[in-house]
Amino acid sequence: MSFITNNLLSLSGWTAAFLIFLFPALESSVFLGFIFPGETAVIIGGVLAYEHRISLPLAIGAAILGAILGDTVGYFVGRIYGRKILNSKLGRRILKPNHLTFAETFISRRGGFGVFLGRFAAALRAFVPGLAGMGGMHYPTFLFFNVLGGITWATGFSLAGYLAGASFKKVQSYSSIAGYVLMAIIILGIVLLVVRRKRRERLEELASGGNEGSGTPSDSDS
């Protein structure tokens, strides 16, 4: 990680812009996010803009394009090859069952808004586009939230790196903490929804059982 970070910090111009584009693009399309989160490259892009090694609009534009295209590739990979990947030996090694189950539940409950929120949580960012494709989410819906999330995420983290300047490691640390906090909030929300649904189903079962047990008395009983 430090080797890649230090090398990115030594770059400038179009080479830096290409890598700022590449890491977010690869993150959700080939699961590179498990090795090197794309947000780190985007933050470094902001730092390089602060040091005048690259223009800030170019850094932001490269990050936005990488985020949107990467998620688009992930969506279509999931739609066409998703089940084959999940059932492969490599897929079982990379994708932990608990992460996969959580991401599937998250997408099924949140839909397009889940695509937007998933962009900001590192543990979801690599899964959500592929699962959206596997789940048959309409591409226009996915594209809208993908573009919205990509623009917001890339711009925010690029500006964070730019404003932090040389103190980018603090921003990187804070962004990781914020991602975990968001994950905790999402998990708590899903747990509460599941508990609420189970409780409602239980009440409905009790109500239906009560209705079956109470019938209208016949004439012979009166």
# chains A, B, ... in the order shown; residues from 1 in each chain; ligands from 1
call {"tool": "residues_around", "arguments": {"residues": "region 129-133 of chain A", "least_positions_apart": "6", "cutoff": "6 Å", "atoms": "only C-alpha atoms", "output": "number ranges by chain"}}
result
A: 71, 74-76, 78-79
call {"tool": "closest_residue", "arguments": {"among": "A:Leu159, A:Met137, A:Leu124, A:Ile68", "to": "Gly112 (chain A)", "atoms": "only C-alpha atoms"}}
result
A:Met137
call {"tool": "residues_around", "arguments": {"residues": "region 47-55 of chain A", "least_positions_apart": "3", "cutoff": "7 Å", "atoms": "only C-alpha atoms", "output": "number ranges by chain"}}
result
A: 9, 12-13, 43-44, 58-59, 161-162, 165-166, 168
call {"tool": "closest_residue", "arguments": {"among": "A:Pro24, A:Gly156, A:Gly61, A:Gly114", "to": "Phe142 (chain A)", "atoms": "only C-alpha atoms"}}
result
A:Gly114
call {"tool": "closest_residue", "arguments": {"among": "A:Leu56, A:Ala122, A:Leu143, A:Val77", "to": "Glu39 (chain A)", "atoms": "only C-alpha atoms"}}
result
A:Ala122
call {"tool": "residues_around", "arguments": {"residues": "Trp153 (chain A)", "least_positions_apart": "2", "cutoff": "9 Å", "atoms": "only C-alpha atoms", "output": "list in words"}}
result
Glu39, Ala63, Ile64, Ala67, Arg119, Phe120, Leu148, Gly149, Gly150, Ile151, Thr155, Gly156, Phe157 and Ser158 of chain A
call {"tool": "closest_residue", "arguments": {"among": "A:Ala164, A:Val115, A:Ile60, A:Leu86", "to": "Phe144 (chain A)", "atoms": "only C-alpha atoms"}}
result
A:Val115
call {"tool": "atom_distance", "arguments": {"atom1": "CA of Ser108 (chain A)", "atom2": "CA of Arg200 (chain A)"}}
result
19.2 Å
